[in-house]
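**Student:** Handing over target.txt, compact mmCIF, C-alpha atoms.
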```txt
# COMPACT_ATOMS: atom_id res chain seq x y z
CA MET A 1 115.24 76.65 116.20
CA LYS A 2 113.81 77.22 119.69
CA ILE A 3 110.08 76.69 120.27
CA ILE A 4 108.36 77.57 123.55
CA HIS A 5 105.13 75.65 124.14
CA VAL A 6 102.63 77.04 126.65
CA THR A 7 99.65 75.04 127.97
CA GLU A 8 97.41 75.40 131.00
CA ALA A 9 96.51 71.71 131.03
CA PHE A 10 99.29 69.18 130.67
CA GLU A 11 97.01 66.20 130.19
CA GLY A 12 95.06 64.17 127.67
CA GLY A 13 95.40 65.08 124.02
CA VAL A 14 97.79 67.97 124.67
CA ILE A 15 100.30 65.57 126.24
CA GLU A 16 100.04 63.21 123.28
CA PHE A 17 100.37 66.06 120.78
CA LEU A 18 103.50 67.42 122.46
CA ARG A 19 104.97 63.95 122.92
CA CYS A 20 104.57 63.15 119.24
CA LEU A 21 105.78 66.55 118.03
CA THR A 22 108.90 66.67 120.22
CA ASN A 23 109.89 63.08 119.47
CA SER A 24 109.52 63.63 115.73
CA THR A 25 111.50 66.89 115.58
CA PRO A 26 114.78 66.11 117.39
CA ASP A 27 116.57 68.98 115.65
CA ILE A 28 114.24 71.55 117.25
CA GLN A 29 114.80 72.80 120.78
CA HIS A 30 111.52 72.48 122.71
CA THR A 31 110.59 74.03 126.05
CA ILE A 32 107.19 73.26 127.60
CA ILE A 33 105.60 75.67 130.09
CA TYR A 34 102.80 73.68 131.72
CA GLY A 35 99.97 74.21 134.19
CA ARG A 36 97.81 71.38 135.55
CA HIS A 37 99.93 68.28 135.76
CA HIS A 38 98.05 65.32 137.24
CA PHE A 39 99.92 63.04 134.84
CA PHE A 40 103.26 64.86 134.69
CA ASP A 41 105.32 62.35 136.69
CA LYS A 42 104.39 59.57 134.27
CA ALA A 43 104.11 61.58 131.09
CA TYR A 44 107.42 63.43 131.04
CA LYS A 45 109.36 60.16 130.80
CA SER A 46 107.96 59.62 127.30
CA PHE A 47 109.51 62.89 126.07
CA PRO A 48 113.02 63.30 124.68
CA ALA A 49 115.60 63.89 127.41
CA ASP A 50 116.52 67.34 126.06
CA VAL A 51 112.99 68.78 126.32
CA LYS A 52 112.91 71.44 129.04
CA PHE A 53 109.88 71.67 131.35
CA ILE A 54 108.89 74.77 133.35
CA ALA A 55 105.97 74.61 135.82
CA TRP A 56 103.28 77.31 135.64
CA PRO A 57 101.18 76.43 138.70
CA GLU A 58 99.09 79.61 138.93
CA VAL A 59 97.13 78.98 135.74
CA ASN A 60 93.78 77.16 135.60
CA THR A 61 91.05 76.67 133.04
CA LYS A 62 88.35 78.65 134.89
CA ILE A 63 87.97 82.42 134.55
CA SER A 64 89.31 84.04 137.72
CA PRO A 65 90.59 87.61 137.24
CA GLY A 66 92.81 87.61 140.32
CA LYS A 67 94.41 84.24 139.57
CA ASP A 68 94.64 85.01 135.86
CA ILE A 69 96.58 88.21 136.50
CA LYS A 70 98.94 86.31 138.80
CA ALA A 71 99.38 83.60 136.15
CA LEU A 72 100.03 86.24 133.46
CA ARG A 73 102.71 87.92 135.56
CA HIS A 74 104.45 84.60 136.15
CA LEU A 75 104.29 83.70 132.45
CA ILE A 76 105.82 87.07 131.51
CA LYS A 77 108.62 86.43 134.00
CA ILE A 78 109.26 82.96 132.53
CA LEU A 79 109.37 84.26 128.96
CA LYS A 80 111.72 87.07 129.92
CA GLY A 81 114.06 84.45 131.33
CA GLU A 82 114.16 82.48 128.08
CA LYS A 83 116.70 83.69 125.52
CA ASP A 84 116.60 83.46 121.72
CA ILE A 85 112.97 82.37 121.40
CA ASP A 86 111.99 81.75 117.79
CA VAL A 87 108.30 80.81 118.10
CA ILE A 88 105.82 80.67 120.99
CA HIS A 89 103.30 77.87 120.43
CA LEU A 90 100.18 78.20 122.62
CA HIS A 91 97.91 75.24 123.36
CA SER A 92 94.25 75.50 124.47
CA ALA A 93 92.08 78.47 125.37
CA LYS A 94 93.52 79.99 128.55
CA ALA A 95 97.11 79.69 127.33
CA GLY A 96 95.92 81.15 124.04
CA ILE A 97 94.71 84.31 125.80
CA LEU A 98 97.39 84.81 128.45
CA GLY A 99 100.15 83.64 126.12
CA ARG A 100 99.33 86.23 123.48
CA ILE A 101 99.34 89.04 126.02
CA ALA A 102 102.61 87.78 127.53
CA ALA A 103 104.19 87.48 124.08
CA ARG A 104 103.29 91.12 123.32
CA ARG A 105 104.67 92.26 126.68
CA THR A 106 107.96 90.46 126.09
CA GLY A 107 108.40 91.50 122.46
CA ASN A 108 107.91 88.03 120.94
CA LYS A 109 106.18 88.45 117.59
CA HIS A 110 106.08 84.87 116.29
CA VAL A 111 103.09 83.27 118.01
CA ILE A 112 100.96 80.24 117.11
CA TYR A 113 97.68 79.36 118.80
CA ALA A 114 96.41 75.77 118.64
CA PRO A 115 92.92 75.50 120.23
CA HIS A 116 92.79 71.66 120.59
CA GLY A 117 88.99 71.95 120.67
CA ALA A 118 87.47 75.41 120.22
CA THR A 119 85.57 76.62 123.29
CA PHE A 120 82.81 78.15 121.17
CA LEU A 121 82.01 74.66 119.81
CA ARG A 122 81.25 73.29 123.28
CA LYS A 123 77.81 71.73 123.66
CA ASP A 124 77.84 71.52 127.45
CA VAL A 125 77.15 75.25 127.78
CA SER A 126 74.36 77.57 126.67
CA ALA A 127 74.16 79.28 123.29
CA PHE A 128 74.84 82.55 125.11
CA ALA A 129 78.07 81.13 126.56
CA ARG A 130 79.19 79.86 123.14
CA THR A 131 78.57 83.32 121.69
CA ALA A 132 80.58 84.82 124.54
CA PHE A 133 83.48 82.44 123.89
CA ALA A 134 83.46 83.39 120.20
CA THR A 135 83.43 87.08 121.14
CA ILE A 136 86.43 86.56 123.44
CA GLU A 137 88.30 84.76 120.64
CA ARG A 138 87.68 87.69 118.29
CA ALA A 139 88.61 90.24 120.97
CA VAL A 140 91.98 88.68 121.85
CA SER A 141 92.89 88.50 118.18
CA ILE A 142 94.10 92.09 118.56
CA PHE A 143 97.17 90.35 120.01
CA PRO A 144 98.50 88.70 116.83
CA ALA A 145 98.81 84.93 116.66
CA LYS A 146 98.55 82.48 113.78
CA VAL A 147 95.65 80.12 114.48
CA ILE A 148 96.50 76.53 113.53
CA GLY A 149 93.69 74.05 114.02
CA VAL A 150 94.52 70.43 114.76
CA SER A 151 91.97 69.45 112.10
CA LYS A 152 90.38 71.02 109.04
CA SER A 153 86.98 71.23 110.73
CA GLU A 154 88.47 73.14 113.67
CA ALA A 155 90.12 75.64 111.33
CA ASP A 156 86.87 75.99 109.38
CA ALA A 157 85.02 76.78 112.64
CA TYR A 158 87.37 79.71 113.27
CA LYS A 159 86.89 80.98 109.74
CA ARG A 160 83.12 80.98 110.29
CA ILE A 161 83.48 83.43 113.19
CA GLY A 162 85.74 85.70 111.14
CA ILE A 163 89.19 84.56 112.31
CA LYS A 164 91.80 83.46 109.79
CA ALA A 165 93.01 79.92 110.44
CA ASN A 166 94.95 77.11 108.84
CA HIS A 167 95.38 73.55 110.03
CA VAL A 168 97.88 70.76 110.46
CA ASN A 169 96.29 67.39 111.15
CA ASN A 170 97.21 65.76 114.43
CA GLY A 171 99.48 62.79 113.87
CA LYS A 172 100.75 59.95 115.98
CA PHE A 173 103.29 57.19 116.08
CA PHE A 174 101.54 53.92 115.38
CA PRO A 175 102.76 50.37 115.76
CA GLU A 176 102.75 47.86 112.97
CA SER A 177 99.37 46.44 113.89
CA PRO A 178 98.70 42.76 113.18
CA GLU A 179 95.77 41.79 111.02
CA LYS A 180 92.53 41.82 112.99
CA LYS A 181 91.14 38.40 113.79
CA ALA A 182 87.48 37.62 113.33
CA PRO A 183 85.36 38.59 116.36
CA GLY A 184 85.32 35.99 119.11
CA ASP A 185 82.40 34.89 121.20
CA ILE A 186 82.01 38.40 122.66
CA PHE A 187 81.66 41.48 120.45
CA THR A 188 83.49 44.29 122.24
CA ILE A 189 82.81 48.00 121.76
CA VAL A 190 85.31 50.36 123.34
CA THR A 191 86.00 54.03 124.00
CA THR A 192 88.89 55.83 125.68
CA GLY A 193 88.88 59.04 127.70
CA ARG A 194 87.89 60.91 130.80
CA ALA A 195 84.31 60.32 131.95
CA MET A 196 83.30 63.96 131.79
CA ARG A 197 80.68 66.08 130.08
CA GLN A 198 82.64 66.57 126.85
CA LYS A 199 82.91 62.80 126.32
CA ASN A 200 79.20 62.37 127.15
CA PRO A 201 79.18 59.14 129.23
CA ALA A 202 75.39 59.43 129.57
CA LEU A 203 75.02 58.84 125.82
CA PHE A 204 77.49 55.93 125.96
CA ASN A 205 75.35 54.41 128.72
CA HIS A 206 72.14 54.98 126.75
CA ILE A 207 73.54 53.16 123.72
CA ALA A 208 74.95 50.31 125.80
CA SER A 209 71.65 49.82 127.65
CA ALA A 210 69.97 48.99 124.32
CA PHE A 211 72.03 45.75 124.25
CA THR A 212 71.55 44.45 127.79
CA ASP A 213 69.53 41.53 126.43
CA ASN A 214 72.39 40.43 124.16
CA ASP A 215 75.08 38.71 126.23
CA LYS A 216 77.35 38.57 123.15
CA ILE A 217 77.92 42.34 123.18
CA ARG A 218 79.83 44.25 125.84
CA PHE A 219 81.06 47.81 126.23
CA ILE A 220 84.33 49.04 127.78
CA TRP A 221 85.10 52.57 128.95
CA ILE A 222 88.89 52.91 129.23
CA GLY A 223 89.45 55.67 131.74
CA ASP A 224 87.67 57.31 134.63
CA GLY A 225 86.25 60.67 135.64
CA ASN A 226 83.78 62.65 137.69
CA GLU A 227 80.79 61.46 135.61
CA ARG A 228 81.48 57.73 135.85
CA GLU A 229 78.21 57.33 137.78
CA PHE A 230 76.40 57.73 134.46
CA LEU A 231 78.03 54.49 133.26
CA ASN A 232 75.69 52.19 135.14
CA SER A 233 74.42 49.82 132.46
CA PRO A 234 75.33 46.26 133.55
CA ASN A 235 77.08 45.50 130.24
CA ILE A 236 79.65 48.30 130.71
CA GLU A 237 83.11 47.67 132.15
CA ILE A 238 85.04 50.70 133.44
CA THR A 239 88.78 50.03 133.54
CA GLY A 240 89.75 53.13 135.51
CA TRP A 241 93.03 54.82 134.64
CA VAL A 242 95.45 52.25 133.23
CA ASP A 243 98.89 52.52 131.66
CA ARG A 244 99.51 52.75 127.92
CA SER A 245 100.19 49.02 127.48
CA GLU A 246 96.81 48.18 129.02
CA VAL A 247 95.05 50.73 126.80
CA GLU A 248 96.67 49.19 123.72
CA LYS A 249 95.72 45.70 124.88
CA ASN A 250 92.06 46.64 125.27
CA LEU A 251 92.01 48.32 121.86
CA ARG A 252 93.75 45.40 120.19
CA LEU A 253 91.14 42.97 121.55
CA ALA A 254 88.17 45.20 120.70
CA ASP A 255 85.97 44.96 117.61
CA LEU A 256 84.60 48.49 117.28
CA TYR A 257 85.54 51.96 118.57
CA ILE A 258 82.77 54.37 119.55
CA SER A 259 82.92 58.04 120.46
CA THR A 260 80.03 59.80 122.18
CA ALA A 261 81.90 63.13 122.43
CA LEU A 262 80.00 66.39 122.15
CA TRP A 263 82.96 68.18 120.54
CA GLU A 264 86.62 67.50 119.74
CA GLY A 265 89.71 69.09 118.24
CA LEU A 266 91.03 65.91 116.66
CA SER A 267 91.06 63.04 119.11
CA TYR A 268 94.27 61.11 119.74
CA ALA A 269 92.16 58.37 121.30
CA VAL A 270 90.45 57.84 117.94
CA LEU A 271 93.79 57.89 116.10
CA GLU A 272 95.04 55.18 118.45
CA ALA A 273 91.93 53.12 117.69
CA MET A 274 92.64 53.51 113.98
CA SER A 275 96.18 52.22 114.58
CA MET A 276 94.58 49.01 115.91
CA ARG A 277 92.53 48.58 112.72
CA LEU A 278 89.22 49.39 114.37
CA PRO A 279 86.20 50.69 112.46
CA LEU A 280 84.86 53.96 113.87
CA LEU A 281 81.41 54.91 115.12
CA LEU A 282 81.65 58.59 116.04
CA THR A 283 79.33 61.44 116.89
CA ASP A 284 79.05 63.88 114.01
CA CYS A 285 80.95 66.85 115.45
CA PRO A 286 84.04 68.89 114.45
CA GLY A 287 87.17 66.81 114.87
CA ASN A 288 85.32 63.52 114.61
CA ASN A 289 84.03 64.23 111.14
CA ASP A 290 87.61 64.63 109.88
CA LEU A 291 88.28 60.99 110.74
CA VAL A 292 85.32 59.16 109.23
CA GLU A 293 84.27 58.63 105.65
CA ASN A 294 80.73 57.34 106.05
CA GLY A 295 80.42 53.75 104.96
CA ILE A 296 84.16 53.54 104.20
CA ASN A 297 85.94 53.27 107.55
CA GLY A 298 82.95 53.69 109.83
CA PHE A 299 79.91 55.84 110.41
CA LEU A 300 79.01 59.22 111.89
CA TYR A 301 75.79 59.47 113.89
CA ASN A 302 73.61 62.21 115.37
CA TYR A 303 71.11 60.19 117.39
CA PRO A 304 71.37 57.13 119.67
CA ALA A 305 69.06 55.11 117.42
CA GLN A 306 71.48 55.55 114.53
CA ALA A 307 74.41 54.30 116.61
CA ILE A 308 72.40 51.30 117.77
CA ASP A 309 71.51 50.44 114.19
CA PHE A 310 75.15 50.69 113.05
CA ILE A 311 76.29 48.45 115.92
CA ASN A 312 73.78 45.84 114.82
CA GLN A 313 75.07 46.10 111.26
CA TYR A 314 78.62 45.44 112.40
CA PHE A 315 77.60 42.66 114.77
CA ASN A 316 75.90 40.85 111.91
CA ASN A 317 78.49 41.54 109.22
CA HIS A 318 82.07 40.59 110.10
CA GLU A 319 83.32 41.31 106.59
CA LEU A 320 82.11 44.93 106.84
CA LEU A 321 83.80 45.19 110.24
CA LYS A 322 87.12 43.97 108.85
CA ALA A 323 86.99 46.13 105.72
CA HIS A 324 86.23 49.32 107.64
CA GLY A 325 88.93 48.55 110.20
CA GLN A 326 91.58 48.09 107.51
CA THR A 327 90.55 51.35 105.85
CA SER A 328 90.87 53.15 109.20
CA TYR A 329 94.46 51.93 109.43
CA ASP A 330 95.23 52.98 105.86
CA MET A 331 93.74 56.45 106.43
CA LEU A 332 95.84 56.89 109.56
CA ARG A 333 99.05 56.07 107.72
CA THR A 334 98.18 58.44 104.86
CA ASN A 335 96.59 61.45 106.56
CA PHE A 336 97.41 61.34 110.26
CA SER A 337 100.98 60.12 110.57
CA VAL A 338 103.41 61.85 112.90
CA GLU A 339 105.64 62.51 109.86
CA GLN A 340 102.98 64.64 108.15
CA MET A 341 102.37 66.53 111.41
CA ALA A 342 106.09 67.20 111.97
CA HIS A 343 106.46 68.35 108.33
CA GLY A 344 103.43 70.64 108.69
CA TYR A 345 104.73 72.39 111.79
CA ARG A 346 108.23 72.72 110.39
CA GLU A 347 106.69 74.61 107.47
CA VAL A 348 104.57 76.79 109.79
CA TYR A 349 107.52 77.66 112.03
CA SER A 350 109.84 78.38 109.10
CA ALA A 351 107.26 80.53 107.33
CA MET A 352 106.77 82.66 110.45
CA LEU A 353 110.51 83.21 110.86
CA ASN A 354 111.03 83.98 107.16
CA ASN A 355 108.24 86.57 107.23
```
Translate this file's structure into C-alpha cells.

**Tutor:**
Amino acid sequence: MKIIHVTEAFEGGVIEFLRCLTNSTPDIQHTIIYGRHHFFDKAYKSFPADVKFIAWPEVNTKISPGKDIKALRHLIKILKGEKDIDVIHLHSAKAGILGRIAARRTGNKHVIYAPHGATFLRKDVSAFARTAFATIERAVSIFPAKVIGVSKSEADAYKRIGIKANHVNNGKFFPESPEKKAPGDIFTIVTTGRAMRQKNPALFNHIASAFTDNDKIRFIWIGDGNEREFLNSPNIEITGWVDRSEVEKNLRLADLYISTALWEGLSYAVLEAMSMRLPLLLTDCPGNNDLVENGINGFLYNYPAQAIDFINQYFNNHELLKAHGQTSYDMLRTNFSVEQMAHGYREVYSAMLNN
C-alpha cells in the first residue's frame, strides 16, 4: 500500500503524528510532501529509512493567491510523478485545500483530510473570520475527501458545520515511565510548545504571576516563540528550543502539566506529559477535553481563577497529584497508544480502497 502525505507545515504535532504513524506501519510505503521545514534536518532522522521526502517550498499557511497557484501547480507536478498511489493523506488546512484540488486534477480519488486543529475553532481571530473559515471548509468539500479528526471533539466540530467526519485518536510511543516520586522542595508546573497566540503565553504568565509570593512553586515553558515576551513573571523559566531528551527530562522532573491553549487538534505535548505520569490542567477546548476526565486524571478550566485554585489543590494534596498522574498514564496506554492509531488508519485506508 502506498500512502502520499501532504503537509504545508512540517513541524510540531504534524511531525510527531507522521513519525509515529510511519514507524508503526512498516509494511506501508509512505511518501511525505512537505512545506515549511524549520526542523526538517533534525526531524527526518527519527523516521524510518525507507520513508521518501519531497520538498514543496512554494506553499505557506497564509492566503496568497499568486503563491497558492504556484504551490498548486508544483503539487500537481509532484503527484503526477508518483506512480501507483493508493491514498493521499492531507494534513492541515492549506494542504487540505490545495491537496484536494491537486488530487482531482491528477485523478486520485482516495483522499483523506486530517485538520490537526480546525481553523474555524481558532480563538485568535474574529467571529467573522471563523465563519469565513467554516464557509471555506464547506466550499472545498465539493472536492471529495474523507475528513478524519485526530480527536472525537475535532470530528464533532466538523459535524456541527455540516461536514461528515470520523476520527482516529492521535497516538504515540511512550516509554515505560518509572513511578513518580513525591514532589521535592520545589513544585514544578510545566508546559511544552511554541510561544505563540494559539498556546496563549499571556494566560500562562497570568496564572504564574499569582504564585510569585510562593517560592516553592515554579513554572517552566519548554520551547520558544515570537510571543515569549509575554512570559515575564519572575517565577517562569523559558528553556528555549531543546532536544527531545531535554524535553523528557523536564517532564519527568515536573509535578503538573498545564495547557493554556486556545484550541487544539489533539496535542502530542499533552500525550507526552501523560507518558510521564503527570496530572493534567488544561483549558476546556476541543482536543484538550478529549484528554481529561475532570477529577480523575486532572481538571479542565475556563478561567484563570479556576486554574489557580486547582494548582493550590494539587500543591496541598500529594496523594491527589499521584493518583491523577497514574490515571493519565493508564488512559494513554488504553486510548492513545500508537498501536490503536496505526490500527485505526489501516482500517481507514483499507476501507477507502475496498470501496

**Student:** Looking at A:Ala132, A:Ala102, A:Ile311, A:Met274, which one is nearest to Phe219 (chain A), with distances taken over only C-alpha atoms?

**Tutor:**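 Comparing A:Ala132, A:Ala102, A:Ile311, A:Met274 against Phe219 (chain A), the winner is A:Ile311.
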
**Student:** Taking only C-alpha atoms into account, which of A:Asp290, A:Asp224, A:Asp215, A:Glu246 comes nearest Gly193 (chain A)?

**Tutor:**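 Counting only C-alpha atoms, the residue closest to Gly193 (chain A) is A:Asp224.
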
**Student:** Using all atoms listed in the file, which of the listed residues (A:Arg197, A:Lys52, A:Arg346, A:His318) sits closest to Val125 (chain A)?

**Tutor:**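 Counting all atoms listed in the file, the residue closest to Val125 (chain A) is A:Arg197.
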
**Student:** List the neighbours of Ala305 (chain A) out to 8 Å using all atoms listed in the file; skip same-chain residues closer than 3 positions along the sequence, and give me the result as a ChimeraX atom specification.

**Tutor:** /A:207,308-309

**Student:** Please produce a file of those selected residues containing C-alpha atoms, as a compact mmCIF listing (two decimals), keeping the file's coordinate frame.

**Tutor:**
```txt
# COMPACT_ATOMS: atom_id res chain seq x y z
CA ILE A 207 73.54 53.16 123.72
CA ILE A 308 72.40 51.30 117.77
CA ASP A 309 71.51 50.44 114.19
```

**Student:** Which of these, A:Gly265, A:Gly171, A:Gly96, A:Gly13, has the shortest distance to Leu121 (chain A) once you count only C-alpha atoms?

**Tutor:**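 Result for the nearest residue to Leu121 (chain A): A:Gly265.
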
**Student:** Find the residues of region 85-192 of chain A that sit at most 10 Å from region 54-64 of chain A; for each, write down the nearest two atoms and how far apart they are in Å, to one decimal. Count all atoms listed in the file. Sort by chain, then by number going up, and give it as a Markdown table.

**Tutor:**
```
| residue | atom | partner | partner_atom | distance |
| --- | --- | --- | --- | --- |
| A:Ser92 | CA | A:Thr61 | CA | 9.2 |
| A:Ala93 | CA | A:Thr61 | CA | 7.9 |
| A:Lys94 | CA | A:Thr61 | CA | 6.1 |
| A:Ala95 | CA | A:Val59 | CA | 8.4 |
| A:Leu98 | CA | A:Val59 | CA | 9.3 |
```

**Student:** Write the residues you've just listed into a file as an mmCIF file, keeping the file's coordinate frame, and include C-alpha atoms for each of them.

**Tutor:**
```cif
data_model
loop_
_atom_site.group_PDB
_atom_site.id
_atom_site.type_symbol
_atom_site.label_atom_id
_atom_site.label_comp_id
_atom_site.auth_asym_id
_atom_site.auth_seq_id
_atom_site.Cartn_x
_atom_site.Cartn_y
_atom_site.Cartn_z
ATOM 1 C CA SER A 92 94.250 75.500 124.470
ATOM 2 C CA ALA A 93 92.080 78.470 125.370
ATOM 3 C CA LYS A 94 93.520 79.990 128.550
ATOM 4 C CA ALA A 95 97.110 79.690 127.330
ATOM 5 C CA LEU A 98 97.390 84.810 128.450
#
```

**Student:** Considering only C-alpha atoms, return as a PyMOL selection string whatever protein or nucleic-acid residues lie within 12 Å of Asn170 (chain A), sequence-local ones (same chain, fewer than 4 positions apart) excluded.

**Tutor:** chain A and resi 13-14+16-21+114+116+148-152+154+264-272+287+290-291+332-333+335-345

**Student:** Only C-alpha atoms, please: the residues just picked out, written as an mmCIF file, in the coordinates of the input.

**Tutor:**
```cif
data_model
loop_
_atom_site.group_PDB
_atom_site.id
_atom_site.type_symbol
_atom_site.label_atom_id
_atom_site.label_comp_id
_atom_site.auth_asym_id
_atom_site.auth_seq_id
_atom_site.Cartn_x
_atom_site.Cartn_y
_atom_site.Cartn_z
ATOM 1 C CA GLY A 13 95.400 65.080 124.020
ATOM 2 C CA VAL A 14 97.790 67.970 124.670
ATOM 3 C CA GLU A 16 100.040 63.210 123.280
ATOM 4 C CA PHE A 17 100.370 66.060 120.780
ATOM 5 C CA LEU A 18 103.500 67.420 122.460
ATOM 6 C CA ARG A 19 104.970 63.950 122.920
ATOM 7 C CA CYS A 20 104.570 63.150 119.240
ATOM 8 C CA LEU A 21 105.780 66.550 118.030
ATOM 9 C CA ALA A 114 96.410 75.770 118.640
ATOM 10 C CA HIS A 116 92.790 71.660 120.590
ATOM 11 C CA ILE A 148 96.500 76.530 113.530
ATOM 12 C CA GLY A 149 93.690 74.050 114.020
ATOM 13 C CA VAL A 150 94.520 70.430 114.760
ATOM 14 C CA SER A 151 91.970 69.450 112.100
ATOM 15 C CA LYS A 152 90.380 71.020 109.040
ATOM 16 C CA GLU A 154 88.470 73.140 113.670
ATOM 17 C CA GLU A 264 86.620 67.500 119.740
ATOM 18 C CA GLY A 265 89.710 69.090 118.240
ATOM 19 C CA LEU A 266 91.030 65.910 116.660
ATOM 20 C CA SER A 267 91.060 63.040 119.110
ATOM 21 C CA TYR A 268 94.270 61.110 119.740
ATOM 22 C CA ALA A 269 92.160 58.370 121.300
ATOM 23 C CA VAL A 270 90.450 57.840 117.940
ATOM 24 C CA LEU A 271 93.790 57.890 116.100
ATOM 25 C CA GLU A 272 95.040 55.180 118.450
ATOM 26 C CA GLY A 287 87.170 66.810 114.870
ATOM 27 C CA ASP A 290 87.610 64.630 109.880
ATOM 28 C CA LEU A 291 88.280 60.990 110.740
ATOM 29 C CA LEU A 332 95.840 56.890 109.560
ATOM 30 C CA ARG A 333 99.050 56.070 107.720
ATOM 31 C CA ASN A 335 96.590 61.450 106.560
ATOM 32 C CA PHE A 336 97.410 61.340 110.260
ATOM 33 C CA SER A 337 100.980 60.120 110.570
ATOM 34 C CA VAL A 338 103.410 61.850 112.900
ATOM 35 C CA GLU A 339 105.640 62.510 109.860
ATOM 36 C CA GLN A 340 102.980 64.640 108.150
ATOM 37 C CA MET A 341 102.370 66.530 111.410
ATOM 38 C CA ALA A 342 106.090 67.200 111.970
ATOM 39 C CA HIS A 343 106.460 68.350 108.330
ATOM 40 C CA GLY A 344 103.430 70.640 108.690
ATOM 41 C CA TYR A 345 104.730 72.390 111.790
#
```

**Student:** Take CA of Asp124 (chain A) and CA of Pro286 (chain A) and report the distance between them in Å, one decimal.

**Tutor:**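 CA of Pro286 (chain A) lies 14.6 Å from CA of Asp124 (chain A).
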
**Student:** Out of A:Ile76, A:Ile97, A:Ala165, A:Val87, which residue has the shortest atom-to-atom distance to Glu8 (chain A) when counting only C-alpha atoms?

**Tutor:**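 Nearest candidate to Glu8 (chain A) out of A:Ile76, A:Ile97, A:Ala165, A:Val87: A:Ile97.
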
**Student:** Which residue, A:Ile4, A:Ala208, A:Ile15, A:Met196, has the smallest gap to Thr31 (chain A) when you use only C-alpha atoms?

**Tutor:** A:Ile4

**Student:** Skip Thr22 (chain A) itself and residues of its chain fewer than 4 positions away, then list as an MDAnalysis selection string all residues within 8 Å of it, counting all atoms listed in the file.

**Tutor:** chainID A and resid 18 26 28 30 47:48 51

**Student:** Can you tell me which residues surround Asn200 (chain A) at a distance of at most 9 Å, considering only C-alpha atoms, apart from same-chain residues fewer than 6 positions away, and format the answer as a ChimeraX atom specification?

**Tutor:** /A:227,259-262

**Student:** Could the residues in this selection be saved with C-alpha atoms as a CSV table (one decimal), in the coordinates of the input?

**Tutor:**
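This is the output file selection_32.csv:
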```csv
chain,number,residue,atom,x,y,z
A,227,GLU,CA,80.8,61.5,135.6
A,259,SER,CA,82.9,58.0,120.5
A,260,THR,CA,80.0,59.8,122.2
A,261,ALA,CA,81.9,63.1,122.4
A,262,LEU,CA,80.0,66.4,122.2
```

**Student:** Just give me the gap between CA of Gly12 (chain A) and CA of Phe53 (chain A) in Å, one decimal is fine.

**Tutor:**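 Interatomic distance, CA of Gly12 (chain A) to CA of Phe53 (chain A): 17.0 Å.
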
**Student:** Quick check, in Å to one decimal: how far apart do CA of Ile296 (chain A) and CA of Tyr329 (chain A) lie?

**Tutor:**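 CA of Tyr329 (chain A) lies at a distance of 11.7 Å from CA of Ile296 (chain A).
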
**Student:** So that I can check the surroundings of Gln313 (chain A), please list as a list in words every protein, DNA and RNA residue that reaches within 12 Å of it, counting only C-alpha atoms and ignoring chain neighbours fewer than 4 positions away.

**Tutor:**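 The filter keeps Leu256, Leu281, Gly295, Gly298, Phe299, Gln306, Ala307, Ile308, Asp309, Asn317, His318, Glu319, Leu320 and Leu321 of chain A.
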